Amino acid sequence: MPMLLTSPIGIFDSGVGGLSVLKAIRAQMPEEMVVYFGDQGHIPYGSRPMEQIREFSEAITNFLLARGAKIIVVACNTASAAALKYLRGKFLHVQFVGMEPAVKPAAEATQTGRVGVLATPATFQGALYASVVERFANGVELLQSTCNGLVQQIERGNLHGAETRRILENALRPMLEKNIDTVVLGCTHYPFVIPLIQEIAGENVRVIDPAPAVARQVKRLLEAGGLRNDPSVRGDVRFYTSGDPDALKSLLPVLLGESGEVERVGWRHDSVVVPLEG
Ligand code: DGL
């Protein structure tokens, strides 16, 4: 498919997490068209084997490219940990932007020398995290939590409820007792609970949301490639899910602050994304 200025930015995540990145992209580049894919039929990714996440990510990339994507944003730390390097090697002509836990800015900002990192088990196990820690932690102590069950609560739109609070308190209390002053959000679902994190941790703890920096990187790459859309237009977003389209549709105004139509897609042999009727 030829690449045009009007071609969309392709974004994917296991579910609604990538909407935190999409929100930043919409704020910085409202003229860009976007195709968003949430693999809600397979969520959560965080407890799956790396190889399987790679397979899903490759199929979703093919799906987004077939819809004309001019760049692919892997708006999922887990998929980035499992598949970003693989995707770059496989699709040599495609530009990818991925996520990595923001250990570098956190290590630069901390005064206490202790930083909390919230991410999925797969992200913590991946080579990407190990390399970020090795390059940037610089003697700073990182306290990690996988916040089990938090992704599922956010998928239900439960951003403030008792269970969400319980999970976050369990994760953050031991970190706060050890005097962390910075929290890294290493999962794209988590920016939606920043108000609750801030309430539990207090306003003096800095919470790092990587989404605006990722959106700036997308913008830089599009500019460098001469691929920015006409700034006078308003880009629209097409949403696809392998889960329940009505559930995603009803969450869009809450999480993204705008509404949209959601199409349902299916998986064939867990390796090809196929359009579905109705
Ligand atoms: N949003 C994904 C991430 O950034 C993880 C959610 C999942 O476990 O599926 O890591």
# chains A, B, ... in the order shown; residues from 1 in each chain; ligands from 1
$ closest_atom_pairs --of "chain A" --to "ligand 1" --cutoff "6 Å" --atoms "only C-alpha atoms and all ligand atoms" --output "JSON lines"
{"residue": "A:Asp13", "atom": "CA", "partner": "ligand 1", "partner_atom_place_in_ligand_line": "1 (N)", "distance": 5.8}
{"residue": "A:Ser14", "atom": "CA", "partner": "ligand 1", "partner_atom_place_in_ligand_line": "9 (O)", "distance": 4.7}
{"residue": "A:Gly17", "atom": "CA", "partner": "ligand 1", "partner_atom_place_in_ligand_line": "1 (N)", "distance": 4.4}
{"residue": "A:Ile43", "atom": "CA", "partner": "ligand 1", "partner_atom_place_in_ligand_line": "9 (O)", "distance": 4.7}
{"residue": "A:Pro44", "atom": "CA", "partner": "ligand 1", "partner_atom_place_in_ligand_line": "9 (O)", "distance": 3.3}
{"residue": "A:Tyr45", "atom": "CA", "partner": "ligand 1", "partner_atom_place_in_ligand_line": "9 (O)", "distance": 3.6}
{"residue": "A:Gly46", "atom": "CA", "partner": "ligand 1", "partner_atom_place_in_ligand_line": "8 (O)", "distance": 3.4}
{"residue": "A:Cys76", "atom": "CA", "partner": "ligand 1", "partner_atom_place_in_ligand_line": "4 (O)", "distance": 3.5}
{"residue": "A:Asn77", "atom": "CA", "partner": "ligand 1", "partner_atom_place_in_ligand_line": "4 (O)", "distance": 3.7}
{"residue": "A:Thr78", "atom": "CA", "partner": "ligand 1", "partner_atom_place_in_ligand_line": "10 (O)", "distance": 3.8}
{"residue": "A:Thr120", "atom": "CA", "partner": "ligand 1", "partner_atom_place_in_ligand_line": "10 (O)", "distance": 5.7}
{"residue": "A:Val151", "atom": "CA", "partner": "ligand 1", "partner_atom_place_in_ligand_line": "6 (C)", "distance": 5.7}
{"residue": "A:Cys187", "atom": "CA", "partner": "ligand 1", "partner_atom_place_in_ligand_line": "4 (O)", "distance": 3.3}
{"residue": "A:Thr188", "atom": "CA", "partner": "ligand 1", "partner_atom_place_in_ligand_line": "4 (O)", "distance": 3.9}
{"residue": "A:His189", "atom": "CA", "partner": "ligand 1", "partner_atom_place_in_ligand_line": "1 (N)", "distance": 4.8}
$ write_last_selection --atoms "N, CA and C atoms" --output "CSV table (one decimal), in the first residue's frame"
chain,number,residue,atom,x,y,z
A,13,ASP,N,-2.2,-2.3,21.4
A,13,ASP,CA,-1.9,-2.7,22.8
A,13,ASP,C,-2.8,-4.0,23.0
A,14,SER,N,-2.6,-4.6,24.2
A,14,SER,CA,-3.4,-5.8,24.5
A,14,SER,C,-4.9,-5.3,24.8
A,17,GLY,N,-4.9,0.0,27.3
A,17,GLY,CA,-3.7,0.8,27.8
A,17,GLY,C,-3.2,1.7,26.7
A,43,ILE,N,-6.1,-10.4,26.2
A,43,ILE,CA,-5.6,-9.8,27.4
A,43,ILE,C,-5.7,-10.6,28.7
A,44,PRO,N,-4.8,-10.6,29.6
A,44,PRO,CA,-3.6,-9.8,29.6
A,44,PRO,C,-2.4,-10.5,28.9
A,45,TYR,N,-1.6,-9.6,28.4
A,45,TYR,CA,-0.3,-10.1,27.7
A,45,TYR,C,0.7,-10.4,28.8
A,46,GLY,N,0.6,-9.7,29.9
A,46,GLY,CA,1.7,-9.6,30.9
A,46,GLY,C,2.1,-11.0,31.5
A,76,CYS,N,2.4,-0.6,24.2
A,76,CYS,CA,2.3,-1.6,25.2
A,76,CYS,C,3.7,-2.0,25.7
A,77,ASN,N,4.0,-1.8,26.9
A,77,ASN,CA,5.4,-2.1,27.4
A,77,ASN,C,5.7,-3.6,27.3
A,78,THR,N,4.6,-4.4,27.5
A,78,THR,CA,4.8,-5.9,27.5
A,78,THR,C,5.2,-6.3,26.0
A,120,THR,N,4.3,-5.2,34.1
A,120,THR,CA,3.8,-6.6,34.1
A,120,THR,C,5.0,-7.5,34.3
A,151,VAL,N,-4.5,-4.4,35.6
A,151,VAL,CA,-4.8,-4.3,34.2
A,151,VAL,C,-6.3,-4.6,34.0
A,187,CYS,N,3.7,0.3,32.4
A,187,CYS,CA,2.6,-0.4,31.7
A,187,CYS,C,1.6,0.7,31.2
A,188,THR,N,1.2,0.7,30.0
A,188,THR,CA,0.4,1.8,29.4
A,188,THR,C,-1.0,1.9,30.0
A,189,HIS,N,-1.4,0.8,30.7
A,189,HIS,CA,-2.7,0.9,31.4
A,189,HIS,C,-2.7,1.9,32.6
$ residues_around --residues "Phe136 (chain A)" --least-positions-apart "5" --cutoff "7 Å" --atoms "only C-alpha atoms" --output "list in words"
Val103, Lys104 and Ala107 of chain A
$ write_last_selection --atoms "N, CA and C atoms" --output "PDB file, in the first residue's frame"
ATOM      1  N   VAL A 103      13.087   4.512  33.336  1.00  0.00           N
ATOM      2  CA  VAL A 103      14.055   4.443  34.436  1.00  0.00           C
ATOM      3  C   VAL A 103      15.048   5.611  34.351  1.00  0.00           C
ATOM      4  N   LYS A 104      15.381   6.008  33.141  1.00  0.00           N
ATOM      5  CA  LYS A 104      16.383   7.078  32.976  1.00  0.00           C
ATOM      6  C   LYS A 104      15.919   8.397  33.620  1.00  0.00           C
ATOM      7  N   ALA A 107      15.733   7.981  37.429  1.00  0.00           N
ATOM      8  CA  ALA A 107      17.026   7.939  38.115  1.00  0.00           C
ATOM      9  C   ALA A 107      17.636   9.334  38.178  1.00  0.00           C
TER      10      ALA A 107
END
$ residues_around --residues "region 230-239 of chain A" --least-positions-apart "2" --cutoff "8 Å" --atoms "only C-alpha atoms" --output "mmCIF file with all heavy atoms, in the first residue's frame"
data_model
loop_
_atom_site.group_PDB
_atom_site.id
_atom_site.type_symbol
_atom_site.label_atom_id
_atom_site.label_comp_id
_atom_site.auth_asym_id
_atom_site.auth_seq_id
_atom_site.Cartn_x
_atom_site.Cartn_y
_atom_site.Cartn_z
ATOM 1 N N LEU A 5 0.515 11.111 3.158
ATOM 2 C CA LEU A 5 0.480 11.940 4.367
ATOM 3 C C LEU A 5 -0.775 11.635 5.165
ATOM 4 O O LEU A 5 -0.801 11.716 6.394
ATOM 5 C CB LEU A 5 0.499 13.428 3.999
ATOM 6 C CG LEU A 5 1.633 13.906 3.088
ATOM 7 C CD1 LEU A 5 1.635 15.414 3.014
ATOM 8 C CD2 LEU A 5 2.982 13.385 3.554
ATOM 9 N N THR A 6 -1.836 11.275 4.423
ATOM 10 C CA THR A 6 -3.118 10.986 5.083
ATOM 11 C C THR A 6 -3.185 9.555 5.621
ATOM 12 O O THR A 6 -4.176 9.172 6.222
ATOM 13 C CB THR A 6 -4.280 11.178 4.090
ATOM 14 O OG1 THR A 6 -3.980 10.410 2.916
ATOM 15 C CG2 THR A 6 -4.491 12.626 3.731
ATOM 16 N N PRO A 30 -3.418 16.427 16.343
ATOM 17 C CA PRO A 30 -4.854 16.169 16.136
ATOM 18 C C PRO A 30 -5.217 15.941 14.669
ATOM 19 O O PRO A 30 -6.286 15.403 14.376
ATOM 20 C CB PRO A 30 -5.527 17.445 16.671
ATOM 21 C CG PRO A 30 -4.465 18.473 16.743
ATOM 22 C CD PRO A 30 -3.161 17.759 16.914
ATOM 23 N N GLU A 31 -4.316 16.339 13.756
ATOM 24 C CA GLU A 31 -4.623 16.192 12.326
ATOM 25 C C GLU A 31 -4.353 14.774 11.807
ATOM 26 O O GLU A 31 -4.746 14.430 10.693
ATOM 27 C CB GLU A 31 -3.804 17.207 11.504
ATOM 28 C CG GLU A 31 -2.308 16.947 11.443
ATOM 29 C CD GLU A 31 -1.557 17.373 12.710
ATOM 30 O OE1 GLU A 31 -2.195 17.774 13.696
ATOM 31 O OE2 GLU A 31 -0.318 17.286 12.696
ATOM 32 N N GLU A 32 -3.663 13.969 12.605
ATOM 33 C CA GLU A 32 -3.294 12.637 12.103
ATOM 34 C C GLU A 32 -4.453 11.637 12.191
ATOM 35 O O GLU A 32 -5.180 11.594 13.171
ATOM 36 C CB GLU A 32 -2.103 12.090 12.903
ATOM 37 C CG GLU A 32 -0.798 12.830 12.699
ATOM 38 C CD GLU A 32 -0.264 12.766 11.276
ATOM 39 O OE1 GLU A 32 -0.634 11.839 10.519
ATOM 40 O OE2 GLU A 32 0.515 13.666 10.910
ATOM 41 N N MET A 33 -4.585 10.833 11.144
ATOM 42 C CA MET A 33 -5.520 9.701 11.166
ATOM 43 C C MET A 33 -4.864 8.605 12.015
ATOM 44 O O MET A 33 -3.637 8.471 12.008
ATOM 45 C CB MET A 33 -5.730 9.136 9.760
ATOM 46 C CG MET A 33 -6.149 10.154 8.738
ATOM 47 S SD MET A 33 -7.840 10.667 9.024
ATOM 48 C CE MET A 33 -7.957 12.017 7.869
ATOM 49 N N VAL A 34 -5.686 7.805 12.664
ATOM 50 C CA VAL A 34 -5.143 6.740 13.513
ATOM 51 C C VAL A 34 -5.954 5.459 13.344
ATOM 52 O O VAL A 34 -7.180 5.504 13.194
ATOM 53 C CB VAL A 34 -5.174 7.154 15.015
ATOM 54 C CG1 VAL A 34 -4.678 6.015 15.908
ATOM 55 C CG2 VAL A 34 -4.342 8.414 15.268
ATOM 56 N N VAL A 35 -5.270 4.338 13.321
ATOM 57 C CA VAL A 35 -5.940 3.031 13.423
ATOM 58 C C VAL A 35 -5.460 2.416 14.735
ATOM 59 O O VAL A 35 -4.257 2.240 14.941
ATOM 60 C CB VAL A 35 -5.531 2.081 12.277
ATOM 61 C CG1 VAL A 35 -6.405 0.837 12.308
ATOM 62 C CG2 VAL A 35 -5.636 2.761 10.945
ATOM 63 N N TYR A 36 -6.398 2.109 15.635
ATOM 64 C CA TYR A 36 -6.055 1.583 16.962
ATOM 65 C C TYR A 36 -6.546 0.149 17.072
ATOM 66 O O TYR A 36 -7.705 -0.149 16.773
ATOM 67 C CB TYR A 36 -6.723 2.435 18.045
ATOM 68 C CG TYR A 36 -6.348 2.003 19.445
ATOM 69 C CD1 TYR A 36 -5.299 2.618 20.106
ATOM 70 C CD2 TYR A 36 -7.023 0.962 20.093
ATOM 71 C CE1 TYR A 36 -4.933 2.213 21.393
ATOM 72 C CE2 TYR A 36 -6.666 0.551 21.369
ATOM 73 C CZ TYR A 36 -5.617 1.186 22.005
ATOM 74 O OH TYR A 36 -5.253 0.776 23.262
ATOM 75 N N PHE A 37 -5.666 -0.724 17.530
ATOM 76 C CA PHE A 37 -6.055 -2.120 17.726
ATOM 77 C C PHE A 37 -5.839 -2.521 19.184
ATOM 78 O O PHE A 37 -4.735 -2.418 19.715
ATOM 79 C CB PHE A 37 -5.202 -3.021 16.820
ATOM 80 C CG PHE A 37 -5.604 -4.472 16.870
ATOM 81 C CD1 PHE A 37 -6.464 -4.995 15.925
ATOM 82 C CD2 PHE A 37 -5.150 -5.307 17.879
ATOM 83 C CE1 PHE A 37 -6.865 -6.335 15.979
ATOM 84 C CE2 PHE A 37 -5.540 -6.645 17.940
ATOM 85 C CZ PHE A 37 -6.397 -7.164 16.988
ATOM 86 N N GLY A 38 -6.901 -2.982 19.822
ATOM 87 C CA GLY A 38 -6.798 -3.509 21.191
ATOM 88 C C GLY A 38 -7.049 -5.017 21.141
ATOM 89 O O GLY A 38 -8.135 -5.448 20.751
ATOM 90 N N ARG A 228 3.967 14.083 7.877
ATOM 91 C CA ARG A 228 2.908 14.699 8.695
ATOM 92 C C ARG A 228 1.708 15.049 7.833
ATOM 93 O O ARG A 228 1.849 15.522 6.706
ATOM 94 C CB ARG A 228 3.435 15.974 9.366
ATOM 95 C CG ARG A 228 4.401 15.732 10.496
ATOM 96 C CD ARG A 228 3.764 15.070 11.693
ATOM 97 N NE ARG A 228 2.654 15.841 12.243
ATOM 98 C CZ ARG A 228 2.806 16.922 13.030
ATOM 99 N NH1 ARG A 228 4.014 17.326 13.360
ATOM 100 N NH2 ARG A 228 1.767 17.581 13.476
ATOM 101 N N THR A 241 -11.163 -4.144 17.889
ATOM 102 C CA THR A 241 -10.884 -4.984 19.058
ATOM 103 C C THR A 241 -11.157 -6.443 18.737
ATOM 104 O O THR A 241 -12.069 -6.746 17.957
ATOM 105 C CB THR A 241 -11.730 -4.565 20.285
ATOM 106 O OG1 THR A 241 -11.391 -5.444 21.372
ATOM 107 C CG2 THR A 241 -13.225 -4.655 20.035
ATOM 108 N N GLY A 260 -15.990 7.027 19.650
ATOM 109 C CA GLY A 260 -15.629 6.520 18.332
ATOM 110 C C GLY A 260 -16.322 5.204 18.058
ATOM 111 O O GLY A 260 -16.893 4.593 18.965
ATOM 112 N N GLU A 261 -16.294 4.819 16.793
ATOM 113 C CA GLU A 261 -16.884 3.539 16.396
ATOM 114 C C GLU A 261 -15.843 2.438 16.554
ATOM 115 O O GLU A 261 -14.665 2.651 16.251
ATOM 116 C CB GLU A 261 -17.355 3.596 14.942
ATOM 117 C CG GLU A 261 -18.560 4.501 14.730
ATOM 118 C CD GLU A 261 -19.716 4.182 15.683
ATOM 119 O OE1 GLU A 261 -20.052 2.988 15.836
ATOM 120 O OE2 GLU A 261 -20.253 5.121 16.301
ATOM 121 N N VAL A 262 -16.283 1.284 17.016
ATOM 122 C CA VAL A 262 -15.348 0.178 17.240
ATOM 123 C C VAL A 262 -15.783 -1.027 16.403
ATOM 124 O O VAL A 262 -16.936 -1.436 16.454
ATOM 125 C CB VAL A 262 -15.331 -0.235 18.728
ATOM 126 C CG1 VAL A 262 -14.294 -1.341 18.955
ATOM 127 C CG2 VAL A 262 -15.023 0.963 19.631
ATOM 128 N N GLU A 263 -14.854 -1.555 15.630
ATOM 129 C CA GLU A 263 -15.143 -2.764 14.848
ATOM 130 C C GLU A 263 -14.549 -3.980 15.520
ATOM 131 O O GLU A 263 -13.459 -3.911 16.085
ATOM 132 C CB GLU A 263 -14.548 -2.643 13.445
ATOM 133 C CG GLU A 263 -15.429 -1.859 12.510
ATOM 134 C CD GLU A 263 -14.790 -1.724 11.142
ATOM 135 O OE1 GLU A 263 -14.440 -2.761 10.533
ATOM 136 O OE2 GLU A 263 -14.619 -0.572 10.707
#
$ residues_around --residues "region 190-198 of chain A" --least-positions-apart "3" --cutoff "9 Å" --atoms "only C-alpha atoms" --output "PyMOL selection string"
chain A and resi 17+20+118-119+150-151+154+159-160+164-165+168-169+172+185-187+201-211+255
$ write_last_selection --atoms "N, CA, C and O atoms" --output "compact mmCIF listing (two decimals), in the first residue's frame"
# COMPACT_ATOMS: atom_id res chain seq x y z
N GLY A 17 -4.91 0.05 27.31
CA GLY A 17 -3.70 0.75 27.77
C GLY A 17 -3.16 1.72 26.74
O GLY A 17 -2.77 2.85 27.06
N SER A 20 -3.80 5.53 26.48
CA SER A 20 -3.06 6.59 27.17
C SER A 20 -2.02 7.21 26.22
O SER A 20 -1.75 8.41 26.27
N LEU A 118 6.27 0.11 38.32
CA LEU A 118 5.08 -0.73 38.19
C LEU A 118 5.01 -1.22 36.76
O LEU A 118 4.95 -0.43 35.82
N ALA A 119 5.03 -2.54 36.56
CA ALA A 119 4.98 -3.10 35.20
C ALA A 119 4.51 -4.55 35.29
O ALA A 119 4.33 -5.09 36.38
N LEU A 150 -4.40 -5.38 38.25
CA LEU A 150 -4.70 -3.97 37.98
C LEU A 150 -5.14 -3.74 36.52
O LEU A 150 -6.06 -2.97 36.25
N VAL A 151 -4.47 -4.42 35.60
CA VAL A 151 -4.82 -4.27 34.18
C VAL A 151 -6.30 -4.63 33.97
O VAL A 151 -7.04 -3.91 33.30
N ILE A 154 -8.64 -1.92 35.21
CA ILE A 154 -8.66 -0.76 34.32
C ILE A 154 -9.45 -1.09 33.05
O ILE A 154 -10.19 -0.25 32.53
N LEU A 159 -11.43 2.74 37.82
CA LEU A 159 -10.24 3.58 38.05
C LEU A 159 -10.12 4.06 39.49
O LEU A 159 -9.07 4.55 39.90
N HIS A 160 -11.22 3.94 40.25
CA HIS A 160 -11.20 4.49 41.62
C HIS A 160 -11.73 3.51 42.66
O HIS A 160 -11.71 3.83 43.84
N THR A 164 -9.28 -1.72 42.96
CA THR A 164 -8.16 -0.98 42.34
C THR A 164 -7.31 -0.33 43.42
O THR A 164 -6.07 -0.39 43.39
N ARG A 165 -7.99 0.25 44.39
CA ARG A 165 -7.27 0.89 45.50
C ARG A 165 -6.47 -0.13 46.30
O ARG A 165 -5.31 0.10 46.65
N LEU A 168 -3.31 -1.14 44.40
CA LEU A 168 -2.30 -0.08 44.38
C LEU A 168 -1.70 0.16 45.77
O LEU A 168 -0.50 0.40 45.90
N GLU A 169 -2.54 0.05 46.80
CA GLU A 169 -2.00 0.23 48.16
C GLU A 169 -0.99 -0.88 48.47
O GLU A 169 0.08 -0.62 49.01
N LEU A 172 2.18 -0.04 46.56
CA LEU A 172 2.89 1.20 46.88
C LEU A 172 3.33 1.33 48.34
O LEU A 172 4.39 1.91 48.62
N LEU A 185 5.71 4.42 35.56
CA LEU A 185 4.60 3.61 35.06
C LEU A 185 5.09 2.81 33.86
O LEU A 185 5.20 3.33 32.74
N GLY A 186 5.39 1.54 34.09
CA GLY A 186 5.94 0.69 33.03
C GLY A 186 4.89 -0.15 32.36
O GLY A 186 5.19 -1.24 31.85
N CYS A 187 3.67 0.31 32.37
CA CYS A 187 2.56 -0.38 31.69
C CYS A 187 1.62 0.72 31.23
O CYS A 187 1.27 1.62 32.01
N ALA A 201 0.11 7.90 47.31
CA ALA A 201 1.54 8.19 47.52
C ALA A 201 1.79 9.61 48.02
O ALA A 201 2.85 9.89 48.59
N GLY A 202 0.82 10.49 47.80
CA GLY A 202 1.01 11.89 48.19
C GLY A 202 1.55 12.70 47.02
O GLY A 202 2.20 12.16 46.12
N GLU A 203 1.30 13.99 47.06
CA GLU A 203 1.66 14.86 45.93
C GLU A 203 3.17 15.05 45.79
O GLU A 203 3.65 15.48 44.75
N ASN A 204 3.92 14.71 46.84
CA ASN A 204 5.38 14.89 46.74
C ASN A 204 6.07 13.80 45.95
O ASN A 204 7.24 13.92 45.60
N VAL A 205 5.35 12.70 45.72
CA VAL A 205 5.93 11.62 44.91
C VAL A 205 5.65 11.93 43.44
O VAL A 205 4.52 12.20 43.05
N ARG A 206 6.71 11.89 42.65
CA ARG A 206 6.57 12.19 41.23
C ARG A 206 6.21 10.92 40.47
O ARG A 206 6.85 9.88 40.64
N VAL A 207 5.17 11.01 39.63
CA VAL A 207 4.75 9.85 38.84
C VAL A 207 5.10 10.13 37.38
O VAL A 207 4.70 11.15 36.82
N ILE A 208 5.87 9.22 36.78
CA ILE A 208 6.32 9.46 35.40
C ILE A 208 5.46 8.69 34.41
O ILE A 208 5.45 7.46 34.37
N ASP A 209 4.72 9.46 33.60
CA ASP A 209 3.90 8.89 32.52
C ASP A 209 4.67 9.10 31.21
O ASP A 209 4.91 10.24 30.81
N PRO A 210 5.06 8.01 30.55
CA PRO A 210 5.91 8.18 29.36
C PRO A 210 5.15 8.60 28.10
O PRO A 210 5.78 8.92 27.09
N ALA A 211 3.82 8.63 28.15
CA ALA A 211 3.05 8.83 26.92
C ALA A 211 3.40 10.11 26.15
O ALA A 211 3.59 10.06 24.93
N LEU A 255 -11.84 7.07 29.06
CA LEU A 255 -10.38 6.96 29.06
C LEU A 255 -9.71 7.92 28.08
O LEU A 255 -8.63 8.44 28.34
$ select_by_dssp --residues "region 29-84 of chain A" --states "alpha helix (DSSP H)" --output "JSON, numbers by chain"
{"A": [50, 51, 52, 53, 54, 55, 56, 57, 58, 59, 60, 61, 62, 63, 64, 65, 66, 77, 78, 79, 80, 81, 82, 83, 84]}
$ residues_around --residues "Asn138 (chain A)" --least-positions-apart "2" --cutoff "12 Å" --atoms "only C-alpha atoms" --output "JSON, numbers by chain"
{"A": [103, 104, 105, 106, 107, 108, 109, 110, 113, 114, 115, 132, 133, 134, 135, 136, 140, 141, 142]}
$ write_last_selection --atoms "N, CA and C atoms" --output "PDB file, in the first residue's frame"
ATOM      1  N   VAL A 103      13.087   4.512  33.336  1.00  0.00           N
ATOM      2  CA  VAL A 103      14.055   4.443  34.436  1.00  0.00           C
ATOM      3  C   VAL A 103      15.048   5.611  34.351  1.00  0.00           C
ATOM      4  N   LYS A 104      15.381   6.008  33.141  1.00  0.00           N
ATOM      5  CA  LYS A 104      16.383   7.078  32.976  1.00  0.00           C
ATOM      6  C   LYS A 104      15.919   8.397  33.620  1.00  0.00           C
ATOM      7  N   PRO A 105      14.759   8.945  33.192  1.00  0.00           N
ATOM      8  CA  PRO A 105      14.341  10.209  33.842  1.00  0.00           C
ATOM      9  C   PRO A 105      14.102  10.045  35.339  1.00  0.00           C
ATOM     10  N   ALA A 106      13.650   8.848  35.752  1.00  0.00           N
ATOM     11  CA  ALA A 106      13.399   8.628  37.183  1.00  0.00           C
ATOM     12  C   ALA A 106      14.712   8.655  37.965  1.00  0.00           C
ATOM     13  N   ALA A 107      15.733   7.981  37.429  1.00  0.00           N
ATOM     14  CA  ALA A 107      17.026   7.939  38.115  1.00  0.00           C
ATOM     15  C   ALA A 107      17.636   9.334  38.178  1.00  0.00           C
ATOM     16  N   GLU A 108      17.361  10.149  37.151  1.00  0.00           N
ATOM     17  CA  GLU A 108      17.887  11.519  37.162  1.00  0.00           C
ATOM     18  C   GLU A 108      17.143  12.398  38.170  1.00  0.00           C
ATOM     19  N   ALA A 109      15.852  12.094  38.362  1.00  0.00           N
ATOM     20  CA  ALA A 109      15.024  12.985  39.189  1.00  0.00           C
ATOM     21  C   ALA A 109      15.048  12.646  40.678  1.00  0.00           C
ATOM     22  N   THR A 110      15.287  11.374  41.014  1.00  0.00           N
ATOM     23  CA  THR A 110      15.119  10.987  42.427  1.00  0.00           C
ATOM     24  C   THR A 110      16.132  11.671  43.353  1.00  0.00           C
ATOM     25  N   GLY A 113      17.042   8.385  46.016  1.00  0.00           N
ATOM     26  CA  GLY A 113      17.790   7.257  45.450  1.00  0.00           C
ATOM     27  C   GLY A 113      16.964   5.987  45.379  1.00  0.00           C
ATOM     28  N   ARG A 114      15.641   6.133  45.579  1.00  0.00           N
ATOM     29  CA  ARG A 114      14.765   4.963  45.511  1.00  0.00           C
ATOM     30  C   ARG A 114      13.562   5.271  44.626  1.00  0.00           C
ATOM     31  N   VAL A 115      13.310   4.363  43.688  1.00  0.00           N
ATOM     32  CA  VAL A 115      12.282   4.576  42.680  1.00  0.00           C
ATOM     33  C   VAL A 115      11.393   3.339  42.604  1.00  0.00           C
ATOM     34  N   VAL A 132      17.721  -1.411  30.201  1.00  0.00           N
ATOM     35  CA  VAL A 132      17.420  -0.063  30.691  1.00  0.00           C
ATOM     36  C   VAL A 132      17.994   0.118  32.105  1.00  0.00           C
ATOM     37  N   VAL A 133      17.825  -0.925  32.936  1.00  0.00           N
ATOM     38  CA  VAL A 133      18.349  -0.855  34.316  1.00  0.00           C
ATOM     39  C   VAL A 133      19.870  -0.751  34.285  1.00  0.00           C
ATOM     40  N   GLU A 134      20.467  -1.581  33.458  1.00  0.00           N
ATOM     41  CA  GLU A 134      21.932  -1.586  33.394  1.00  0.00           C
ATOM     42  C   GLU A 134      22.480  -0.236  32.923  1.00  0.00           C
ATOM     43  N   ARG A 135      21.804   0.341  31.926  1.00  0.00           N
ATOM     44  CA  ARG A 135      22.328   1.590  31.358  1.00  0.00           C
ATOM     45  C   ARG A 135      22.018   2.812  32.222  1.00  0.00           C
ATOM     46  N   PHE A 136      20.824   2.821  32.868  1.00  0.00           N
ATOM     47  CA  PHE A 136      20.376   4.081  33.459  1.00  0.00           C
ATOM     48  C   PHE A 136      20.144   4.098  34.967  1.00  0.00           C
ATOM     49  N   VAL A 140      20.781   3.742  41.596  1.00  0.00           N
ATOM     50  CA  VAL A 140      19.469   4.014  42.196  1.00  0.00           C
ATOM     51  C   VAL A 140      18.778   2.676  42.472  1.00  0.00           C
ATOM     52  N   GLU A 141      18.162   2.563  43.650  1.00  0.00           N
ATOM     53  CA  GLU A 141      17.479   1.310  43.980  1.00  0.00           C
ATOM     54  C   GLU A 141      16.082   1.298  43.378  1.00  0.00           C
ATOM     55  N   LEU A 142      15.787   0.230  42.620  1.00  0.00           N
ATOM     56  CA  LEU A 142      14.470   0.122  41.978  1.00  0.00           C
ATOM     57  C   LEU A 142      13.627  -0.893  42.736  1.00  0.00           C
TER      58      LEU A 142
END
$ select_by_dssp --residues "region 33-275 of chain A" --states "strand (DSSP E)" --output "MDAnalysis selection string"
chainID A and resid 34:38 71:74 96:97 114:118 141:145 182:185 206:208 237:241 262:268 272:275
$ residues_around --residues "Val273 (chain A)" --least-positions-apart "6" --cutoff "8 Å" --atoms "only C-alpha atoms" --output "list in words"
Ala59, Ile60, Phe63, Val265, Gly266 and Trp267 of chain A
$ atom_distance --atom1 "CA of Leu64 (chain A)" --atom2 "CA of Gly149 (chain A)"
28.5 Å
